[in-house]
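A.B. asks: coords_38.txt is reproduced in full below (compact mmCIF, C-alpha atoms).
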```
# COMPACT_ATOMS: atom_id res chain seq x y z
CA MET A 1 0.00 0.00 0.00
CA LYS A 2 1.25 3.52 -0.83
CA ILE A 3 0.54 5.91 2.03
CA THR A 4 1.11 9.67 2.12
CA HIS A 5 0.92 11.62 5.37
CA LEU A 6 0.25 15.37 5.22
CA CYS A 7 1.45 17.34 8.24
CA GLY A 8 1.43 21.06 8.96
CA TRP A 9 5.07 20.95 10.11
CA TYR A 10 7.76 18.30 10.09
CA PHE A 11 11.27 17.36 11.16
CA PRO A 12 13.95 18.54 11.38
CA GLU A 13 12.68 22.12 11.89
CA SER A 14 9.70 21.19 14.06
CA LEU A 15 9.64 18.79 17.01
CA GLY A 16 6.01 18.87 18.16
CA GLY A 17 3.66 16.12 19.22
CA THR A 18 1.89 15.74 15.88
CA GLU A 19 5.19 15.32 14.03
CA THR A 20 6.37 12.77 16.60
CA TYR A 21 3.08 10.88 16.21
CA VAL A 22 3.39 10.84 12.42
CA ALA A 23 7.05 9.74 12.56
CA GLY A 24 6.15 6.87 14.90
CA LEU A 25 3.28 5.80 12.68
CA VAL A 26 5.42 6.03 9.52
CA ALA A 27 8.17 3.86 11.05
CA ARG A 28 5.69 1.10 11.84
CA GLN A 29 4.06 1.31 8.42
CA GLN A 30 7.43 1.00 6.71
CA ALA A 31 8.27 -1.98 8.89
CA ALA A 32 4.98 -3.57 7.76
CA GLY A 33 6.09 -3.26 4.12
CA HIS A 34 4.14 -0.19 3.03
CA THR A 35 5.59 2.57 0.84
CA VAL A 36 5.30 5.75 2.90
CA ALA A 37 6.01 9.44 2.27
CA VAL A 38 5.38 12.69 4.15
CA ALA A 39 4.51 16.11 2.73
CA ALA A 40 4.30 19.42 4.57
CA PRO A 41 4.00 23.11 3.68
CA ASP A 42 6.97 25.41 4.31
CA PRO A 43 5.97 29.08 4.68
CA GLY A 44 8.31 31.41 2.85
CA LEU A 45 10.03 28.65 0.86
CA THR A 46 10.72 29.84 -2.70
CA GLY A 47 10.67 26.40 -4.34
CA GLU A 48 10.07 22.75 -3.63
CA ARG A 49 12.36 20.83 -1.31
CA ALA A 50 12.82 17.06 -0.98
CA TYR A 51 14.85 15.17 1.61
CA GLU A 52 14.76 12.09 3.80
CA HIS A 53 14.10 11.95 7.52
CA GLU A 54 14.93 8.64 9.20
CA GLY A 55 14.69 6.90 5.84
CA VAL A 56 11.33 8.43 4.89
CA PRO A 57 10.95 10.68 1.81
CA VAL A 58 9.72 14.15 2.76
CA PHE A 59 8.32 16.70 0.29
CA ARG A 60 8.10 20.37 1.31
CA PHE A 61 6.14 22.82 -0.80
CA PRO A 62 6.04 26.62 -0.58
CA VAL A 63 3.14 28.61 0.84
CA PRO A 64 3.13 32.36 1.56
CA ALA A 65 4.50 33.47 4.91
CA ALA A 66 1.71 36.09 4.83
CA PRO A 67 -1.32 34.44 3.19
CA THR A 68 -4.37 36.41 2.21
CA ARG A 69 -7.42 36.26 4.45
CA ALA A 70 -9.20 34.04 1.91
CA GLU A 71 -6.22 31.67 1.79
CA ALA A 72 -5.92 31.47 5.58
CA GLN A 73 -9.64 30.77 5.90
CA HIS A 74 -9.54 27.99 3.26
CA ALA A 75 -11.96 29.96 1.05
CA VAL A 76 -9.54 29.62 -1.90
CA PRO A 77 -6.53 27.37 -2.53
CA VAL A 78 -3.37 28.91 -1.13
CA ARG A 79 -0.62 29.86 -3.56
CA GLY A 80 1.81 26.96 -3.76
CA ALA A 81 -0.79 24.27 -3.07
CA GLU A 82 -0.74 23.39 -6.77
CA ARG A 83 2.78 22.02 -6.21
CA LEU A 84 1.45 19.61 -3.58
CA HIS A 85 -1.43 18.61 -5.82
CA ALA A 86 0.96 17.87 -8.72
CA TRP A 87 3.22 15.87 -6.40
CA LEU A 88 0.26 13.82 -5.16
CA ALA A 89 -0.80 13.11 -8.75
CA ALA A 90 2.72 11.94 -9.61
CA HIS A 91 3.09 9.95 -6.40
CA GLY A 92 -0.25 8.12 -6.77
CA PRO A 93 -0.95 7.14 -3.14
CA ASP A 94 -3.62 4.64 -2.14
CA ILE A 95 -4.17 6.53 1.12
CA VAL A 96 -3.78 10.23 1.85
CA HIS A 97 -3.77 10.86 5.60
CA LEU A 98 -4.14 14.50 6.69
CA HIS A 99 -2.94 15.42 10.19
CA SER A 100 -3.21 19.22 10.19
CA PHE A 101 -5.69 21.88 9.11
CA VAL A 102 -3.35 24.76 8.33
CA THR A 103 -2.65 27.14 5.46
CA GLY A 104 -1.77 24.79 2.60
CA LEU A 105 -3.64 21.77 3.99
CA GLY A 106 -7.41 21.79 4.22
CA PRO A 107 -10.67 21.15 2.37
CA GLN A 108 -9.16 21.73 -1.10
CA THR A 109 -6.41 19.18 -0.40
CA ILE A 110 -9.00 16.62 0.66
CA ARG A 111 -11.02 17.13 -2.50
CA VAL A 112 -7.95 16.91 -4.75
CA ALA A 113 -6.78 13.69 -3.08
CA GLY A 114 -10.23 12.15 -3.42
CA ALA A 115 -10.42 13.13 -7.09
CA LEU A 116 -7.13 11.30 -7.66
CA GLY A 117 -8.77 8.10 -6.46
CA ALA A 118 -7.03 7.89 -3.07
CA GLY A 119 -8.76 6.96 0.14
CA VAL A 120 -8.69 10.08 2.31
CA ILE A 121 -8.50 10.19 6.10
CA ALA A 122 -8.02 13.14 8.46
CA THR A 123 -6.94 12.93 12.09
CA ALA A 124 -7.78 15.84 14.39
CA HIS A 125 -4.85 16.29 16.78
CA THR A 126 -5.82 19.69 18.21
CA GLY A 127 -8.74 21.20 20.08
CA GLY A 128 -10.05 22.80 16.91
CA LEU A 129 -11.28 19.36 15.74
CA GLY A 130 -10.83 20.35 12.12
CA LEU A 131 -12.82 23.54 11.51
CA LEU A 132 -15.14 23.11 14.50
CA CYS A 133 -13.58 25.61 16.93
CA GLN A 134 -12.19 28.93 15.67
CA ARG A 135 -10.51 29.55 19.03
CA GLY A 136 -8.78 26.20 18.64
CA THR A 137 -9.07 25.09 22.26
CA LEU A 138 -12.74 24.09 22.78
CA MET A 139 -12.61 26.17 25.96
CA GLN A 140 -15.34 28.82 26.05
CA TRP A 141 -13.77 32.15 26.92
CA GLY A 142 -10.62 30.14 27.55
CA ARG A 143 -11.98 29.19 30.96
CA ARG A 144 -14.54 26.38 30.81
CA PRO A 145 -15.06 23.37 28.55
CA CYS A 146 -17.23 24.09 25.53
CA ASP A 147 -20.12 21.86 24.50
CA GLY A 148 -18.82 21.84 20.92
CA VAL A 149 -22.08 23.18 19.47
CA VAL A 150 -21.29 25.81 16.83
CA ARG A 151 -23.43 28.95 16.85
CA PRO A 152 -22.23 32.09 15.04
CA ARG A 153 -22.99 34.53 17.86
CA LYS A 154 -21.63 32.36 20.66
CA CYS A 155 -18.49 31.26 18.82
CA ALA A 156 -17.73 34.65 17.24
CA ALA A 157 -17.69 36.32 20.67
CA CYS A 158 -15.36 33.65 22.07
CA ALA A 159 -13.02 33.85 19.07
CA LEU A 160 -12.90 37.66 19.22
CA GLU A 161 -12.08 37.58 22.93
CA ALA A 162 -9.21 35.23 22.14
CA ARG A 163 -7.89 37.87 19.72
CA GLY A 164 -7.62 40.39 22.54
CA LEU A 165 -10.99 42.14 22.58
CA VAL A 166 -12.53 42.75 25.99
CA ARG A 167 -15.51 40.51 26.52
CA PRO A 168 -18.26 43.20 26.43
CA LEU A 169 -16.97 44.45 23.06
CA ALA A 170 -16.62 40.87 21.76
CA ASP A 171 -20.25 40.23 22.76
CA VAL A 172 -21.42 43.32 20.88
CA LEU A 173 -19.45 42.61 17.70
CA ALA A 174 -20.67 39.01 17.70
CA LEU A 175 -24.18 40.40 17.13
CA VAL A 176 -23.27 41.19 13.51
CA PRO A 177 -25.49 38.83 11.47
CA PRO A 178 -23.50 36.36 9.36
CA ASP A 179 -24.98 37.73 6.12
CA SER A 180 -23.83 41.24 7.04
CA GLY A 181 -20.54 39.87 8.32
CA ARG A 182 -19.87 38.30 4.96
CA ALA A 183 -19.94 41.72 3.30
CA LEU A 184 -18.12 43.51 6.11
CA GLY A 185 -15.43 40.84 6.12
CA ALA A 186 -14.19 42.24 2.81
CA ILE A 187 -12.86 45.31 4.63
CA PRO A 188 -9.04 45.09 4.63
CA GLY A 189 -7.07 44.50 7.80
CA GLY A 190 -8.12 43.63 11.32
CA LEU A 191 -11.43 45.52 11.12
CA GLY A 192 -12.68 43.22 8.38
CA THR A 193 -11.58 40.16 10.37
CA VAL A 194 -13.47 41.37 13.45
CA LEU A 195 -16.66 42.39 11.64
CA GLY A 196 -16.64 39.24 9.54
CA MET A 197 -16.15 36.79 12.40
CA SER A 198 -19.78 35.63 12.61
CA ALA A 199 -19.71 34.92 8.87
CA LEU A 200 -16.46 32.98 9.24
CA ILE A 201 -17.98 30.84 12.01
CA ARG A 202 -20.94 29.98 9.77
CA GLN A 203 -18.61 29.34 6.82
CA ASN A 204 -16.46 27.00 8.92
CA ALA A 205 -19.52 25.05 10.10
CA ILE A 206 -20.61 24.55 6.50
CA ALA A 207 -17.06 23.62 5.46
CA GLN A 208 -16.76 21.13 8.34
CA ARG A 209 -19.86 19.28 7.20
CA ALA A 210 -18.63 19.32 3.60
CA LEU A 211 -15.21 17.93 4.46
CA LEU A 212 -16.86 15.13 6.43
CA ASP A 213 -18.72 14.30 3.22
CA ASP A 214 -15.43 14.35 1.29
CA LEU A 215 -13.50 12.18 3.75
CA ASP A 216 -13.58 8.42 4.05
CA ALA A 217 -13.03 8.78 7.79
CA PHE A 218 -12.50 11.58 10.29
CA VAL A 219 -10.36 10.28 13.16
CA VAL A 220 -10.45 11.78 16.64
CA LEU A 221 -8.46 10.85 19.73
CA THR A 222 -11.16 10.84 22.41
CA GLU A 223 -14.73 9.71 22.88
CA ALA A 224 -15.75 13.24 23.87
CA ALA A 225 -14.41 14.55 20.55
CA ARG A 226 -16.38 11.92 18.66
CA VAL A 227 -19.60 13.00 20.34
CA MET A 228 -18.99 16.68 19.53
CA VAL A 229 -18.05 16.10 15.88
CA GLU A 230 -20.98 13.78 15.25
CA ARG A 231 -23.41 16.19 16.92
CA GLN A 232 -22.31 19.03 14.67
CA ALA A 233 -22.06 16.80 11.58
CA ALA A 234 -25.78 16.01 11.69
CA GLY A 235 -25.29 12.45 10.46
CA ARG A 236 -22.68 13.23 7.81
CA GLY A 237 -19.43 11.35 7.40
CA ARG A 238 -17.81 8.66 9.47
CA VAL A 239 -16.11 9.56 12.76
CA VAL A 240 -13.65 7.06 14.25
CA VAL A 241 -11.84 7.07 17.60
CA ASN A 242 -8.18 5.98 17.54
CA ARG A 243 -6.66 6.96 20.87
CA LEU A 244 -3.05 8.02 21.32
CA GLY A 245 -0.33 5.53 22.18
CA VAL A 246 3.28 5.64 23.36
CA ARG A 247 6.45 4.40 21.73
CA ASP A 248 8.44 1.55 23.29
CA THR A 249 9.40 2.14 26.89
CA ALA A 250 12.55 1.09 28.72
CA ALA A 251 13.16 2.85 32.01
CA ALA A 252 13.88 1.60 35.51
CA ARG A 253 12.14 3.39 38.35
CA PRO A 254 14.58 4.51 41.09
CA ALA A 255 13.61 4.16 44.73
CA ARG A 256 12.26 7.34 46.35
CA SER A 257 14.37 8.74 49.16
CA PRO A 258 12.43 9.02 52.44
CA GLY A 259 11.75 12.65 53.33
CA ALA A 260 12.67 13.95 49.87
CA PRO A 261 10.43 16.69 48.45
CA LEU A 262 7.69 15.71 46.02
CA THR A 263 9.24 16.11 42.55
CA VAL A 264 6.69 17.36 40.03
CA ALA A 265 7.50 18.05 36.39
CA TYR A 266 5.98 19.84 33.43
CA VAL A 267 7.33 18.52 30.12
CA GLY A 268 6.32 20.20 26.87
CA ARG A 269 6.04 23.43 24.96
CA LEU A 270 6.06 26.79 26.70
CA ASP A 271 2.60 27.67 25.46
CA PRO A 272 0.01 29.47 27.61
CA ILE A 273 -2.75 27.09 26.49
CA LYS A 274 -0.76 24.30 28.15
CA GLY A 275 -1.40 25.96 31.53
CA ILE A 276 2.25 26.84 32.22
CA PHE A 277 1.37 30.08 33.98
CA ASP A 278 -1.15 28.31 36.25
CA LEU A 279 1.56 25.93 37.43
CA ALA A 280 3.95 28.86 37.94
CA ARG A 281 1.39 30.68 40.09
CA ALA A 282 0.83 27.53 42.12
CA ALA A 283 4.60 27.11 42.62
CA ARG A 284 4.83 30.60 44.13
CA HIS A 285 2.89 29.39 47.16
CA LEU A 286 4.62 26.04 47.66
CA ASP A 287 7.18 25.17 50.30
CA ALA A 288 10.39 24.21 48.47
CA ARG A 289 11.17 21.75 51.25
CA ALA A 290 7.98 19.83 50.43
CA VAL A 291 7.50 20.27 46.66
CA ARG A 292 9.97 20.77 43.82
CA VAL A 293 8.53 21.79 40.42
CA VAL A 294 10.72 21.20 37.36
CA PHE A 295 10.00 22.60 33.89
CA ARG A 296 11.65 20.76 30.97
CA CYS A 297 10.91 22.78 27.85
CA PRO A 298 12.55 23.99 24.63
CA VAL A 299 13.42 27.69 24.77
CA LEU A 300 14.51 28.40 21.21
CA ASP A 301 13.01 31.70 20.08
CA PRO A 302 12.22 35.14 21.57
CA ALA A 303 8.59 34.19 22.29
CA GLU A 304 9.66 31.12 24.25
CA ARG A 305 12.32 33.08 26.12
CA ALA A 306 9.69 35.66 27.09
CA ARG A 307 7.36 32.93 28.34
CA ALA A 308 10.16 31.29 30.35
CA ALA A 309 10.86 34.65 31.98
CA ARG A 310 7.15 35.07 32.71
CA VAL A 311 7.01 31.64 34.35
CA LEU A 312 9.90 32.55 36.63
CA ASP A 313 8.37 35.96 37.37
CA LEU A 314 5.00 34.44 38.32
CA ALA A 315 6.78 31.92 40.55
CA GLY A 316 8.25 34.93 42.34
CA GLY A 317 11.71 33.45 42.64
CA ALA A 318 10.29 30.55 44.60
CA GLY A 319 12.90 27.92 45.26
CA SER A 320 10.29 25.30 44.46
CA LEU A 321 10.49 25.99 40.70
CA VAL A 322 13.39 25.08 38.43
CA MET A 323 13.50 25.88 34.70
CA GLY A 324 15.35 23.21 32.72
CA GLY A 325 16.03 22.59 29.05
CA PRO A 326 14.27 20.21 26.67
CA LEU A 327 14.56 16.45 26.84
CA ALA A 328 15.97 14.48 23.93
CA PRO A 329 13.62 11.64 22.88
CA ARG A 330 15.98 9.03 24.35
CA GLU A 331 15.86 10.85 27.72
CA VAL A 332 12.10 11.16 28.13
CA PHE A 333 11.21 7.84 29.75
CA GLY A 334 14.19 7.87 32.10
CA PHE A 335 13.30 11.36 33.29
CA LEU A 336 9.62 10.53 33.72
CA ALA A 337 10.54 7.46 35.77
CA SER A 338 12.73 9.61 38.03
CA ILE A 339 9.95 12.01 39.13
CA ASP A 340 7.03 11.49 41.50
CA LEU A 341 4.31 13.21 39.49
CA LEU A 342 3.80 14.68 36.02
CA CYS A 343 1.71 17.83 35.86
CA CYS A 344 -0.37 18.54 32.72
CA PRO A 345 -2.25 21.76 33.61
CA SER A 346 -3.67 22.18 30.10
CA ARG A 347 -6.18 24.89 29.20
CA THR A 348 -7.07 23.30 25.87
CA PHE A 349 -9.05 20.23 24.82
CA GLU A 350 -6.29 17.78 23.88
CA GLY A 351 -6.16 14.26 22.50
CA GLY A 352 -3.31 13.70 24.93
CA PRO A 353 -0.89 15.03 25.78
CA THR A 354 1.28 12.09 24.79
CA VAL A 355 3.64 12.80 27.64
CA ALA A 356 0.85 11.93 30.09
CA LEU A 357 0.64 8.45 28.59
CA GLU A 358 4.43 8.18 28.58
CA ALA A 359 4.50 8.99 32.30
CA MET A 360 1.87 6.40 33.08
CA ALA A 361 3.74 3.85 30.97
CA VAL A 362 6.68 4.06 33.42
CA GLY A 363 4.44 4.13 36.50
CA THR A 364 4.40 7.89 37.13
CA PRO A 365 0.96 9.28 38.07
CA VAL A 366 -0.46 12.37 36.37
CA LEU A 367 -2.00 15.51 37.83
CA GLY A 368 -4.03 17.04 35.01
CA THR A 369 -7.00 19.22 34.22
CA ASP A 370 -10.49 17.83 33.87
CA ILE A 371 -10.79 18.26 30.08
CA GLY A 372 -10.06 16.39 26.86
CA ALA A 373 -8.23 13.08 26.94
CA LEU A 374 -6.89 13.75 30.43
CA ARG A 375 -10.42 13.23 31.71
CA GLU A 376 -10.55 9.86 29.90
CA ILE A 377 -7.13 8.48 30.90
CA VAL A 378 -6.91 9.77 34.49
CA ASP A 379 -9.41 8.37 36.97
CA ASP A 380 -9.44 11.12 39.61
CA GLY A 381 -8.36 9.82 42.98
CA VAL A 382 -7.68 6.33 41.60
CA ASN A 383 -4.64 6.49 39.30
CA GLY A 384 -4.00 10.25 39.42
CA ARG A 385 -5.68 13.58 40.10
CA LEU A 386 -7.73 16.06 38.08
CA VAL A 387 -8.44 19.73 38.82
CA PRO A 388 -10.51 22.34 36.96
CA ALA A 389 -8.69 23.97 34.03
CA GLY A 390 -7.24 27.36 34.89
CA ASP A 391 -7.62 26.92 38.67
CA TRP A 392 -4.06 27.43 39.96
CA ARG A 393 -5.25 27.42 43.58
CA ALA A 394 -6.73 23.93 43.18
CA LEU A 395 -3.49 22.90 41.48
CA GLY A 396 -1.42 24.17 44.40
CA ASP A 397 -3.71 22.67 47.03
CA THR A 398 -3.52 19.27 45.32
CA LEU A 399 0.29 19.40 45.23
CA VAL A 400 0.43 20.25 48.93
CA ASP A 401 -1.99 17.42 49.71
CA LEU A 402 0.03 14.85 47.75
CA ALA A 403 3.31 16.03 49.27
CA GLY A 404 1.85 15.43 52.70
CA ASN A 405 0.42 12.03 51.76
CA PRO A 406 3.03 10.17 49.69
CA SER A 407 1.22 6.86 50.19
CA ARG A 408 -1.46 8.15 47.81
CA LEU A 409 1.12 8.23 45.04
CA ASP A 410 1.93 4.58 45.75
CA ALA A 411 -1.77 3.76 45.40
CA PHE A 412 -1.99 5.73 42.14
CA ARG A 413 1.01 3.87 40.72
CA ALA A 414 -0.51 0.52 41.63
CA ALA A 415 -3.76 1.47 39.85
CA ILE A 416 -2.16 2.45 36.54
CA GLY A 417 -3.08 -0.19 33.99
CA ARG A 418 -1.63 -1.11 30.62
CA VAL A 419 -0.96 1.95 28.49
CA ARG A 420 -1.87 1.91 24.82
CA THR A 421 1.12 1.89 22.44
CA MET A 422 1.86 3.19 18.95
CA ASP A 423 1.75 -0.44 17.82
CA ASP A 424 -1.93 -0.43 18.82
CA VAL A 425 -2.46 2.86 16.99
CA ALA A 426 -0.78 1.57 13.81
CA ARG A 427 -2.76 -1.68 13.95
CA ASP A 428 -6.05 0.21 14.13
CA TYR A 429 -5.05 2.45 11.22
CA GLU A 430 -4.04 -0.62 9.19
CA ALA A 431 -7.56 -2.02 9.50
CA LEU A 432 -9.09 1.37 8.68
CA TYR A 433 -6.83 1.86 5.64
CA GLU A 434 -7.74 -1.53 4.21
CA GLU A 435 -11.43 -0.74 4.54
CA VAL A 436 -10.98 2.73 3.05
CA VAL A 437 -8.98 1.49 0.06
CA ALA A 438 -11.72 -1.00 -0.71
CA ARG A 439 -14.34 1.74 -0.48
CA SER A 440 -12.31 4.16 -2.62
CA ARG A 441 -12.54 1.71 -5.52
CA ALA A 442 -16.29 2.30 -5.53
CA ARG A 443 -15.86 5.92 -6.56
CA SER A 444 -17.20 7.05 -9.90
CA PRO A 445 -14.73 8.23 -12.62
CA ASP A 446 -15.10 11.90 -11.65
CA GLY A 447 -13.72 11.14 -8.16
CA ARG A 448 -17.02 11.40 -6.28
CA ARG A 449 -18.01 8.65 -3.91
CA ALA A 450 -20.64 6.29 -5.24
CA GLY A 451 -23.98 6.28 -3.47
```
Could you spell out this file's structure in structure tokens?

C.D. replies:
Amino acid sequence: MKITHLCGWYFPESLGGTETYVAGLVARQQAAGHTVAVAAPDPGLTGERAYEHEGVPVFRFPVPAAPTRAEAQHAVPVRGAERLHAWLAAHGPDIVHLHSFVTGLGPQTIRVAGALGAGVIATAHTGGLGLLCQRGTLMQWGRRPCDGVVRPRKCAACALEARGLVRPLADVLALVPPDSGRALGAIPGGLGTVLGMSALIRQNAIAQRALLDDLDAFVVLTEAARVMVERQAAGRGRVVVNRLGVRDTAAARPARSPGAPLTVAYVGRLDPIKGIFDLARAARHLDARAVRVVFRCPVLDPAERARAARVLDLAGGAGSLVMGGPLAPREVFGFLASIDLLCCPSRTFEGGPTVALEAMAVGTPVLGTDIGALREIVDDGVNGRLVPAGDWRALGDTLVDLAGNPSRLDAFRAAIGRVRTMDDVARDYEALYEEVVARSRARSPDGRRAG
């Protein structure tokens, strides 16, 4: 089988969770005898670029670093996408698997791949669930879990608040009817974006239903995501759950020294939606003799350096917080086995994070927020703890409680069951691919699905 994965970013420039997931999946598919390739847009690139990463062919195609509003909103094909479409036609894959909805990868890509006769699958790795949430987090006002029901007024106000508008003004501007917003959205610059937001929300809802029609399967990572997508889809398309898994683990767990402080770690990107500032605020009020909080994060650009400084500032110089560098892939499991607790204080609806599963795979409990996949993999009070998203006081109180009751951590560790692996993920995709390839052969000559 010839399989092409489409990713919004890829190695070696980008090291995020989606890229790691794709690389793990690709390695297993190659080992199973499939012919696999990866393609990704490269903003600002002047021409095509081809290279290999870990023995896998990678194709990079140019898209504008500053796309037009219509391009960014998937209303028209982005300049440079024709290079990807030509490459797909020449490559002739049996399966095209989309992992990102970004400028250069979206509804037009799905339609082109389907017209070429490929089976087409999309996996939603982020809280946007495709084009469902314009804010991208499925957190209403960034504070509470959203029900996933798209309404122009409700969603426009939330999206505008995320862009920096104060809530009363966001509420007022969300009153613009979508029909009026469609015309006002033609105004250049930020004003047009703001006045056209209700129209964009309606446009995205229509586009989401259309892409579900165009896909052979829309894959989500949690049961909650499946419910939300199917509710909005109104019976269109096929939604499949394929939960995250971890790569092979090999890490011994050192014995905990009696009387040592509770060692808690955050591992991941320095992104506010990951709840990094909530953990920093909690650390400010912790006793360093009882709790030690360690951040292990890449700090590579000015934005990340500013966020690292903000974390330290919010912690108030507390001795309980230590800012460390990133972990190499080979170091992750050993580090996770060496700590007492992993903290995932996310403020966004996630399919993971993968690091939570990696921690559990080596017997380290997770303290997370009560949203997304964390709610489905952590049984509060049984194999870990959950607190409300954005509640740094609850986060701090829970850390103090666990530091004073280390036997609870022993009970959590004993309750952690088998953790799903990338082998499981790849096996489930294999079955789905085989079914999709068989169905793709039923398409009519013009590329549309029969029936």

A.B. asks: Could you name the residues that touch Gln30 in chain A at 12 Å or less, counting only C-alpha atoms, but leaving out those on the same chain fewer than 3 positions away, as a list in words?

C.D. replies: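 Final neighbour list, sorted by chain and number: Met1, Lys2, Ile3, Thr4, Ala23, Gly24, Leu25, Val26, Ala27, Gly33, His34, Thr35, Val36, Ala37, Glu54, Gly55, Val56, Pro57, Ala426 and Glu430 of chain A.
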
A.B. asks: Which residues, written as a list in words, have at least one atom at most 12 Å from Pro329 in chain A, with all atoms listed in the file counted and residues fewer than 2 positions away on the same chain left out?

C.D. replies: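 Counting all atoms listed in the file, the residues come to Leu15, Gly16, Gly17, Thr20, Gly24, Val246, Arg247, Asp248, Thr249, Val267, Gly268, Pro326, Leu327, Glu331, Val332, Phe333, Gly334, Phe335, Leu336, Val355 and Glu358 of chain A.
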
A.B. asks: So how many Å separate CA of Ala359 in chain A and CA of Ala411 in chain A, to one decimal?

C.D. replies: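 Taking CA of Ala359 in chain A as the start and CA of Ala411 in chain A as the end point, the length is 15.4 Å.
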
A.B. asks: Per residue of range 302-412 of chain A within 10 Å of range 139-148 of chain A, what are the shortest atom pair and its distance in Å to one decimal, counting only C-alpha atoms, with rows by chain and residue number, as CSV?

C.D. replies:
```
residue,atom,partner,partner_atom,distance
A:Arg347,CA,A:Gly142,CA,7.1
A:Thr348,CA,A:Met139,CA,6.2
A:Phe349,CA,A:Met139,CA,7.0
A:Asp370,CA,A:Pro145,CA,8.9
A:Ile371,CA,A:Pro145,CA,6.8
A:Gly372,CA,A:Pro145,CA,8.8
A:Pro388,CA,A:Arg144,CA,8.4
A:Ala389,CA,A:Arg143,CA,6.9
A:Gly390,CA,A:Arg143,CA,6.4
A:Asp391,CA,A:Arg143,CA,9.1
```

A.B. asks: Could you check the closest approach to Ser180 in chain A for each of A:Val150, A:Ala199, A:Ala162, A:Ile339 and tell me which residue wins, using all atoms listed in the file?

C.D. replies: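 Going through A:Val150, A:Ala199, A:Ala162, A:Ile339 one by one, the smallest distance to Ser180 in chain A is for A:Ala199.
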
A.B. asks: Can you pull out every residue within 12 Å of range 88-96 of chain A, counting all atoms listed in the file, but drop anything in the same chain fewer than 4 positions away, and send it as a ChimeraX atom specification?

C.D. replies: /A:1-7,34-40,57,59,61,81-84,105,109-123,215-217,429-430,432-441

A.B. asks: Please compute the CA of Thr263 in chain A-CA of Pro345 in chain A distance, one decimal, in Å.

C.D. replies: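 Between CA of Thr263 in chain A and CA of Pro345 in chain A the gap works out to 15.6 Å.
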
A.B. asks: Compile the contact shell of Leu312 in chain A as number ranges by chain: residues with an atom at most 12 Å away, counting all atoms listed in the file, same-chain residues fewer than 2 positions apart removed.

C.D. replies: A: 276-284, 293-295, 305-310, 314-324

A.B. asks: Using only C-alpha atoms, list the residues that have an atom at most 10 Å from (-19.9, 34.8, 20.6), coordinates as in the file, as a list in words.

C.D. replies: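 Within the cut-off we find Gln140, Trp141, Val150, Arg151, Pro152, Arg153, Lys154, Cys155, Ala156, Ala157, Cys158, Ala159, Leu160, Glu161, Arg167, Ala170, Asp171, Val172, Leu173, Ala174, Leu175, Met197, Ser198 and Ile201 of chain A.
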
A.B. asks: Check the smallest atom-to-atom distance from each of A:Gly196, A:Pro302, A:Gly8, A:Gly363 to Thr126 in chain A using all atoms listed in the file, then report the winner.

C.D. replies: A:Gly8

A.B. asks: Could you tell me how far CA of Phe218 in chain A lies from CA of Glu48 in chain A, in Å and to one decimal?

C.D. replies: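 Separating CA of Phe218 in chain A from CA of Glu48 in chain A is a distance of 28.8 Å.
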
A.B. asks: For range 222-231 of chain A, supply N, CA and C atoms and report the output as an mmCIF file, keeping the file's coordinate frame.

C.D. replies:
```cif
data_model
loop_
_atom_site.group_PDB
_atom_site.id
_atom_site.type_symbol
_atom_site.label_atom_id
_atom_site.label_comp_id
_atom_site.auth_asym_id
_atom_site.auth_seq_id
_atom_site.Cartn_x
_atom_site.Cartn_y
_atom_site.Cartn_z
ATOM 1 N N THR A 222 -10.412 11.064 21.171
ATOM 2 C CA THR A 222 -11.160 10.840 22.410
ATOM 3 C C THR A 222 -12.621 10.577 22.092
ATOM 4 N N GLU A 223 -13.297 9.951 23.026
ATOM 5 C CA GLU A 223 -14.730 9.710 22.880
ATOM 6 C C GLU A 223 -15.503 11.020 22.939
ATOM 7 N N ALA A 224 -15.065 11.948 23.783
ATOM 8 C CA ALA A 224 -15.750 13.240 23.870
ATOM 9 C C ALA A 224 -15.680 13.985 22.542
ATOM 10 N N ALA A 225 -14.542 13.909 21.852
ATOM 11 C CA ALA A 225 -14.410 14.550 20.550
ATOM 12 C C ALA A 225 -15.350 13.906 19.537
ATOM 13 N N ARG A 226 -15.468 12.598 19.583
ATOM 14 C CA ARG A 226 -16.380 11.920 18.660
ATOM 15 C C ARG A 226 -17.803 12.423 18.830
ATOM 16 N N VAL A 227 -18.235 12.539 20.064
ATOM 17 C CA VAL A 227 -19.600 13.000 20.340
ATOM 18 C C VAL A 227 -19.812 14.401 19.780
ATOM 19 N N MET A 228 -18.838 15.302 19.992
ATOM 20 C CA MET A 228 -18.990 16.680 19.530
ATOM 21 C C MET A 228 -19.011 16.779 18.005
ATOM 22 N N VAL A 229 -18.112 16.046 17.348
ATOM 23 C CA VAL A 229 -18.050 16.100 15.880
ATOM 24 C C VAL A 229 -19.321 15.513 15.284
ATOM 25 N N GLU A 230 -19.776 14.401 15.801
ATOM 26 C CA GLU A 230 -20.980 13.780 15.250
ATOM 27 C C GLU A 230 -22.216 14.639 15.493
ATOM 28 N N ARG A 231 -22.278 15.315 16.632
ATOM 29 C CA ARG A 231 -23.410 16.190 16.920
ATOM 30 C C ARG A 231 -23.485 17.314 15.897
#
```
